[in-house]
$ cat start11.csv   # CSV, N, CA and C atoms
chain,number,residue,atom,x,y,z
P,1,MET,N,151.5,10.4,-86.7
P,1,MET,CA,152.8,9.8,-86.6
P,1,MET,C,153.8,10.8,-86.0
P,2,PRO,N,154.4,10.4,-84.9
P,2,PRO,CA,155.4,11.3,-84.3
P,2,PRO,C,156.6,11.5,-85.1
P,3,LYS,N,157.1,12.8,-85.1
P,3,LYS,CA,158.3,13.1,-85.8
P,3,LYS,C,159.5,12.9,-85.0
P,4,SER,N,160.6,12.6,-85.7
P,4,SER,CA,161.9,12.4,-85.0
P,4,SER,C,162.3,13.7,-84.3
P,5,GLN,N,162.9,13.6,-83.1
P,5,GLN,CA,163.3,14.7,-82.3
P,5,GLN,C,164.6,15.3,-82.8
P,6,SER,N,165.4,14.6,-83.5
P,6,SER,CA,166.7,15.2,-83.9
P,6,SER,C,166.5,16.0,-85.2
P,7,ALA,N,167.7,16.5,-85.7
P,7,ALA,CA,167.7,17.3,-86.9
P,7,ALA,C,167.3,16.4,-88.1
P,8,VAL,N,167.5,15.1,-88.0
P,8,VAL,CA,167.2,14.2,-89.0
P,8,VAL,C,165.7,14.0,-88.9
P,9,ARG,N,165.0,14.0,-90.1
P,9,ARG,CA,163.5,13.9,-90.0
P,9,ARG,C,163.1,12.7,-90.8
P,10,SER,N,161.9,12.1,-90.4
P,10,SER,CA,161.3,11.1,-91.1
P,10,SER,C,160.4,11.7,-92.2
P,11,VAL,N,160.4,11.1,-93.3
P,11,VAL,CA,159.6,11.6,-94.4
P,11,VAL,C,158.3,10.9,-94.5
P,12,PHE,N,158.0,10.0,-93.5
P,12,PHE,CA,156.7,9.3,-93.5
P,12,PHE,C,155.8,10.3,-92.7
P,13,HIS,N,154.7,10.7,-93.3
P,13,HIS,CA,153.8,11.6,-92.7
P,13,HIS,C,152.3,11.1,-92.8
P,14,ASP,N,151.4,11.9,-92.3
P,14,ASP,CA,150.0,11.5,-92.2
P,14,ASP,C,149.5,11.2,-93.6
P,15,GLY,N,149.9,11.9,-94.6
P,15,GLY,CA,149.4,11.7,-96.0
P,15,GLY,C,149.9,10.3,-96.5
P,16,HIS,N,151.1,9.9,-96.2
P,16,HIS,CA,151.5,8.6,-96.5
P,16,HIS,C,150.7,7.5,-95.8
P,17,ALA,N,150.4,7.8,-94.5
P,17,ALA,CA,149.7,6.8,-93.7
P,17,ALA,C,148.3,6.6,-94.3
P,18,LYS,N,147.6,7.7,-94.7
P,18,LYS,CA,146.3,7.6,-95.3
P,18,LYS,C,146.3,6.9,-96.6
P,19,LEU,N,147.3,7.2,-97.4
P,19,LEU,CA,147.4,6.5,-98.7
P,19,LEU,C,147.6,5.0,-98.5
P,20,ILE,N,148.4,4.6,-97.6
P,20,ILE,CA,148.6,3.2,-97.3
P,20,ILE,C,147.4,2.5,-96.8
P,21,GLU,N,146.7,3.2,-95.9
P,21,GLU,CA,145.4,2.7,-95.4
P,21,GLU,C,144.4,2.5,-96.5
P,22,LYS,N,144.3,3.5,-97.4
P,22,LYS,CA,143.3,3.4,-98.5
P,22,LYS,C,143.7,2.3,-99.4
P,23,ALA,N,145.0,2.1,-99.7
P,23,ALA,CA,145.5,1.0,-100.6
P,23,ALA,C,145.0,-0.3,-100.0
P,24,PHE,N,145.2,-0.6,-98.8
P,24,PHE,CA,144.8,-1.9,-98.2
P,24,PHE,C,143.3,-2.0,-98.2
P,25,GLU,N,142.6,-0.9,-98.1
P,25,GLU,CA,141.1,-0.9,-98.1
P,25,GLU,C,140.6,-1.3,-99.4
P,26,ILE,N,141.2,-0.9,-100.5
P,26,ILE,CA,140.7,-1.2,-101.9
P,26,ILE,C,141.4,-2.4,-102.5
P,27,ALA,N,142.4,-2.9,-101.9
P,27,ALA,CA,143.1,-4.0,-102.5
P,27,ALA,C,142.2,-5.2,-102.6
P,28,LYS,N,142.0,-5.7,-103.8
P,28,LYS,CA,141.1,-6.9,-104.0
P,28,LYS,C,141.6,-8.2,-103.4
P,29,ASP,N,142.9,-8.4,-103.5
P,29,ASP,CA,143.5,-9.6,-103.0
P,29,ASP,C,144.1,-9.4,-101.6
P,30,GLY,N,144.0,-8.2,-101.0
P,30,GLY,CA,144.6,-8.0,-99.7
P,30,GLY,C,146.1,-7.7,-99.8
P,31,LYS,N,146.7,-7.7,-101.0
P,31,LYS,CA,148.1,-7.4,-101.1
P,31,LYS,C,148.4,-6.0,-101.6
P,32,VAL,N,149.3,-5.4,-101.0
P,32,VAL,CA,149.7,-4.0,-101.4
P,32,VAL,C,151.2,-4.0,-101.5
P,33,HIS,N,151.8,-3.6,-102.6
P,33,HIS,CA,153.2,-3.5,-102.8
P,33,HIS,C,153.6,-2.1,-102.5
P,34,ILE,N,154.6,-1.9,-101.6
P,34,ILE,CA,155.1,-0.6,-101.2
P,34,ILE,C,156.6,-0.5,-101.5
P,35,GLY,N,157.0,0.5,-102.2
P,35,GLY,CA,158.4,0.7,-102.5
P,35,GLY,C,159.0,1.6,-101.5
P,36,LEU,N,160.2,1.4,-101.1
P,36,LEU,CA,160.9,2.3,-100.1
P,36,LEU,C,162.2,2.6,-100.7
P,37,THR,N,162.4,3.9,-100.9
P,37,THR,CA,163.7,4.4,-101.6
P,37,THR,C,164.9,4.0,-100.8
P,38,SER,N,165.9,3.5,-101.5
P,38,SER,CA,167.2,3.2,-100.8
P,38,SER,C,167.9,4.5,-100.4
P,39,ASP,N,168.8,4.3,-99.5
P,39,ASP,CA,169.7,5.5,-99.1
P,39,ASP,C,170.5,6.0,-100.4
P,40,GLU,N,170.9,5.0,-101.2
P,40,GLU,CA,171.7,5.4,-102.4
P,40,GLU,C,170.9,6.2,-103.4
P,41,MET,N,169.6,6.0,-103.5
P,41,MET,CA,168.8,6.7,-104.4
P,41,MET,C,168.4,8.1,-103.9
P,42,LEU,N,168.4,8.2,-102.6
P,42,LEU,CA,168.0,9.5,-102.0
P,42,LEU,C,169.0,10.6,-102.3
P,43,ARG,N,168.6,11.7,-102.7
P,43,ARG,CA,169.5,12.8,-102.8
P,43,ARG,C,169.6,13.4,-101.4
P,44,LYS,N,170.7,13.4,-100.9
P,44,LYS,CA,170.9,13.9,-99.5
P,44,LYS,C,171.0,15.4,-99.4
P,45,SER,N,170.1,16.1,-100.0
P,45,SER,CA,170.1,17.6,-100.0
P,45,SER,C,169.5,18.1,-98.6
P,46,HIS,N,168.8,17.2,-97.9
P,46,HIS,CA,168.3,17.5,-96.6
P,46,HIS,C,168.4,16.2,-95.8
P,47,SER,N,168.4,16.3,-94.5
P,47,SER,CA,168.6,15.2,-93.6
P,47,SER,C,167.3,14.4,-93.5
P,48,VAL,N,167.3,13.1,-93.8
P,48,VAL,CA,166.2,12.2,-93.6
P,48,VAL,C,166.7,11.0,-92.9
P,49,ASP,N,165.8,10.3,-92.2
P,49,ASP,CA,166.2,9.0,-91.6
P,49,ASP,C,166.8,8.1,-92.6
P,50,ASN,N,167.7,7.2,-92.1
P,50,ASN,CA,168.3,6.2,-93.0
P,50,ASN,C,167.2,5.1,-93.4
P,51,TYR,N,167.6,4.3,-94.3
P,51,TYR,CA,166.6,3.3,-94.8
P,51,TYR,C,166.0,2.4,-93.7
P,52,GLU,N,166.9,1.9,-92.8
P,52,GLU,CA,166.4,1.0,-91.7
P,52,GLU,C,165.4,1.7,-90.8
P,53,LYS,N,165.6,3.0,-90.5
P,53,LYS,CA,164.7,3.7,-89.7
P,53,LYS,C,163.4,4.0,-90.4
P,54,ARG,N,163.5,4.3,-91.7
P,54,ARG,CA,162.3,4.5,-92.5
P,54,ARG,C,161.5,3.2,-92.7
P,55,ARG,N,162.2,2.1,-92.9
P,55,ARG,CA,161.5,0.8,-93.0
P,55,ARG,C,160.8,0.5,-91.7
P,56,THR,N,161.5,0.7,-90.6
P,56,THR,CA,160.9,0.4,-89.3
P,56,THR,C,159.6,1.2,-89.0
P,57,CYS,N,159.7,2.5,-89.4
P,57,CYS,CA,158.5,3.3,-89.3
P,57,CYS,C,157.3,2.8,-90.1
P,58,LEU,N,157.6,2.5,-91.3
P,58,LEU,CA,156.6,2.0,-92.2
P,58,LEU,C,156.0,0.7,-91.7
P,59,LEU,N,156.8,-0.3,-91.3
P,59,LEU,CA,156.3,-1.5,-90.8
P,59,LEU,C,155.5,-1.3,-89.5
P,60,GLN,N,156.0,-0.4,-88.6
P,60,GLN,CA,155.3,-0.1,-87.4
P,60,GLN,C,153.9,0.4,-87.7
P,61,HIS,N,153.7,1.3,-88.7
P,61,HIS,CA,152.4,1.8,-89.1
P,61,HIS,C,151.5,0.7,-89.6
P,62,ILE,N,152.1,-0.2,-90.4
P,62,ILE,CA,151.3,-1.3,-91.0
P,62,ILE,C,150.8,-2.2,-89.8
P,63,ASN,N,151.7,-2.5,-88.9
P,63,ASN,CA,151.3,-3.3,-87.7
P,63,ASN,C,150.3,-2.6,-86.9
P,64,GLU,N,150.4,-1.3,-86.7
P,64,GLU,CA,149.4,-0.6,-85.9
P,64,GLU,C,148.0,-0.6,-86.6
P,65,MET,N,148.0,-0.8,-87.9
P,65,MET,CA,146.7,-0.9,-88.7
P,65,MET,C,146.1,-2.3,-88.5
P,66,GLY,N,146.8,-3.1,-87.8
P,66,GLY,CA,146.3,-4.5,-87.6
P,66,GLY,C,146.9,-5.5,-88.6
P,67,ASN,N,147.9,-5.0,-89.3
P,67,ASN,CA,148.6,-5.8,-90.3
P,67,ASN,C,147.5,-6.5,-91.2
P,68,PRO,N,146.9,-5.8,-92.1
P,68,PRO,CA,145.7,-6.3,-92.9
P,68,PRO,C,146.0,-7.6,-93.6
P,69,THR,N,147.2,-7.8,-94.0
P,69,THR,CA,147.5,-9.0,-94.8
P,69,THR,C,147.9,-10.2,-94.0
P,70,GLY,N,148.4,-9.9,-92.8
P,70,GLY,CA,149.0,-11.0,-92.0
P,70,GLY,C,150.4,-11.3,-92.4
P,71,GLN,N,150.9,-10.6,-93.4
P,71,GLN,CA,152.2,-10.8,-93.9
P,71,GLN,C,153.0,-9.5,-94.0
P,72,ILE,N,154.3,-9.6,-93.8
P,72,ILE,CA,155.1,-8.4,-94.1
P,72,ILE,C,156.4,-8.9,-94.7
$ encode --input "start11.csv" --output "structure tokens"
Amino acid sequence: MPKSQSAVRSVFHDGHAKLIEKAFEIAKDGKVHIGLTSDEMLRKSHSVDNYEKRRTCLLQHINEMGNPTGQI
């Protein structure tokens, strides 16, 4: 997963990607529930992408996996 070029960084990394892929692999009904922390809940002690950018990154990865559930 490419990292953001600015000082703001995405916290979605290869470990997250592997975890999501494994979750879809073992999901019996093909459904995986993924929580994404809101901007309000994040402690801004370091710069991270905002919610929409993090959501877009997550959805992009799921789509690149072939969207295992056909739903998002």
$ residues_around --input "start11.csv" --residues "Leu36 of chain P" --least-positions-apart "2" --cutoff "8 Å" --atoms "only C-alpha atoms" --output "number ranges by chain"
P: 34, 38, 51, 55
$ atom_distance --input "start11.csv" --atom1 "atom CA of Thr56 of chain P" --atom2 "atom CA of Phe12 of chain P"
10.7 Å
$ atom_distance --input "start11.csv" --atom1 "atom CA of Ser47 of chain P" --atom2 "atom CA of Lys22 of chain P"
28.3 Å
$ atom_distance --input "start11.csv" --atom1 "atom N of Cys57 of chain P" --atom2 "atom N of Lys28 of chain P"
24.2 Å
$ residues_around --input "start11.csv" --residues "Ala23 of chain P" --least-positions-apart "6" --cutoff "12 Å" --atoms "only C-alpha atoms" --output "short mmCIF file (atom, residue, chain, number, x, y, z; two decimals) with N, CA and C atoms, in the frame of the given file"
data_model
loop_
_atom_site.label_atom_id
_atom_site.label_comp_id
_atom_site.auth_asym_id
_atom_site.auth_seq_id
_atom_site.Cartn_x
_atom_site.Cartn_y
_atom_site.Cartn_z
N HIS P 16 151.10 9.90 -96.20
CA HIS P 16 151.50 8.60 -96.50
C HIS P 16 150.70 7.50 -95.80
N ALA P 17 150.40 7.80 -94.50
CA ALA P 17 149.70 6.80 -93.70
C ALA P 17 148.30 6.60 -94.30
N ASP P 29 142.90 -8.40 -103.50
CA ASP P 29 143.50 -9.60 -103.00
C ASP P 29 144.10 -9.40 -101.60
N GLY P 30 144.00 -8.20 -101.00
CA GLY P 30 144.60 -8.00 -99.70
C GLY P 30 146.10 -7.70 -99.80
N LYS P 31 146.70 -7.70 -101.00
CA LYS P 31 148.10 -7.40 -101.10
C LYS P 31 148.40 -6.00 -101.60
N VAL P 32 149.30 -5.40 -101.00
CA VAL P 32 149.70 -4.00 -101.40
C VAL P 32 151.20 -4.00 -101.50
N HIS P 33 151.80 -3.60 -102.60
CA HIS P 33 153.20 -3.50 -102.80
C HIS P 33 153.60 -2.10 -102.50
N ILE P 34 154.60 -1.90 -101.60
CA ILE P 34 155.10 -0.60 -101.20
C ILE P 34 156.60 -0.50 -101.50
N ILE P 62 152.10 -0.20 -90.40
CA ILE P 62 151.30 -1.30 -91.00
C ILE P 62 150.80 -2.20 -89.80
N PRO P 68 146.90 -5.80 -92.10
CA PRO P 68 145.70 -6.30 -92.90
C PRO P 68 146.00 -7.60 -93.60
N THR P 69 147.20 -7.80 -94.00
CA THR P 69 147.50 -9.00 -94.80
C THR P 69 147.90 -10.20 -94.00
#
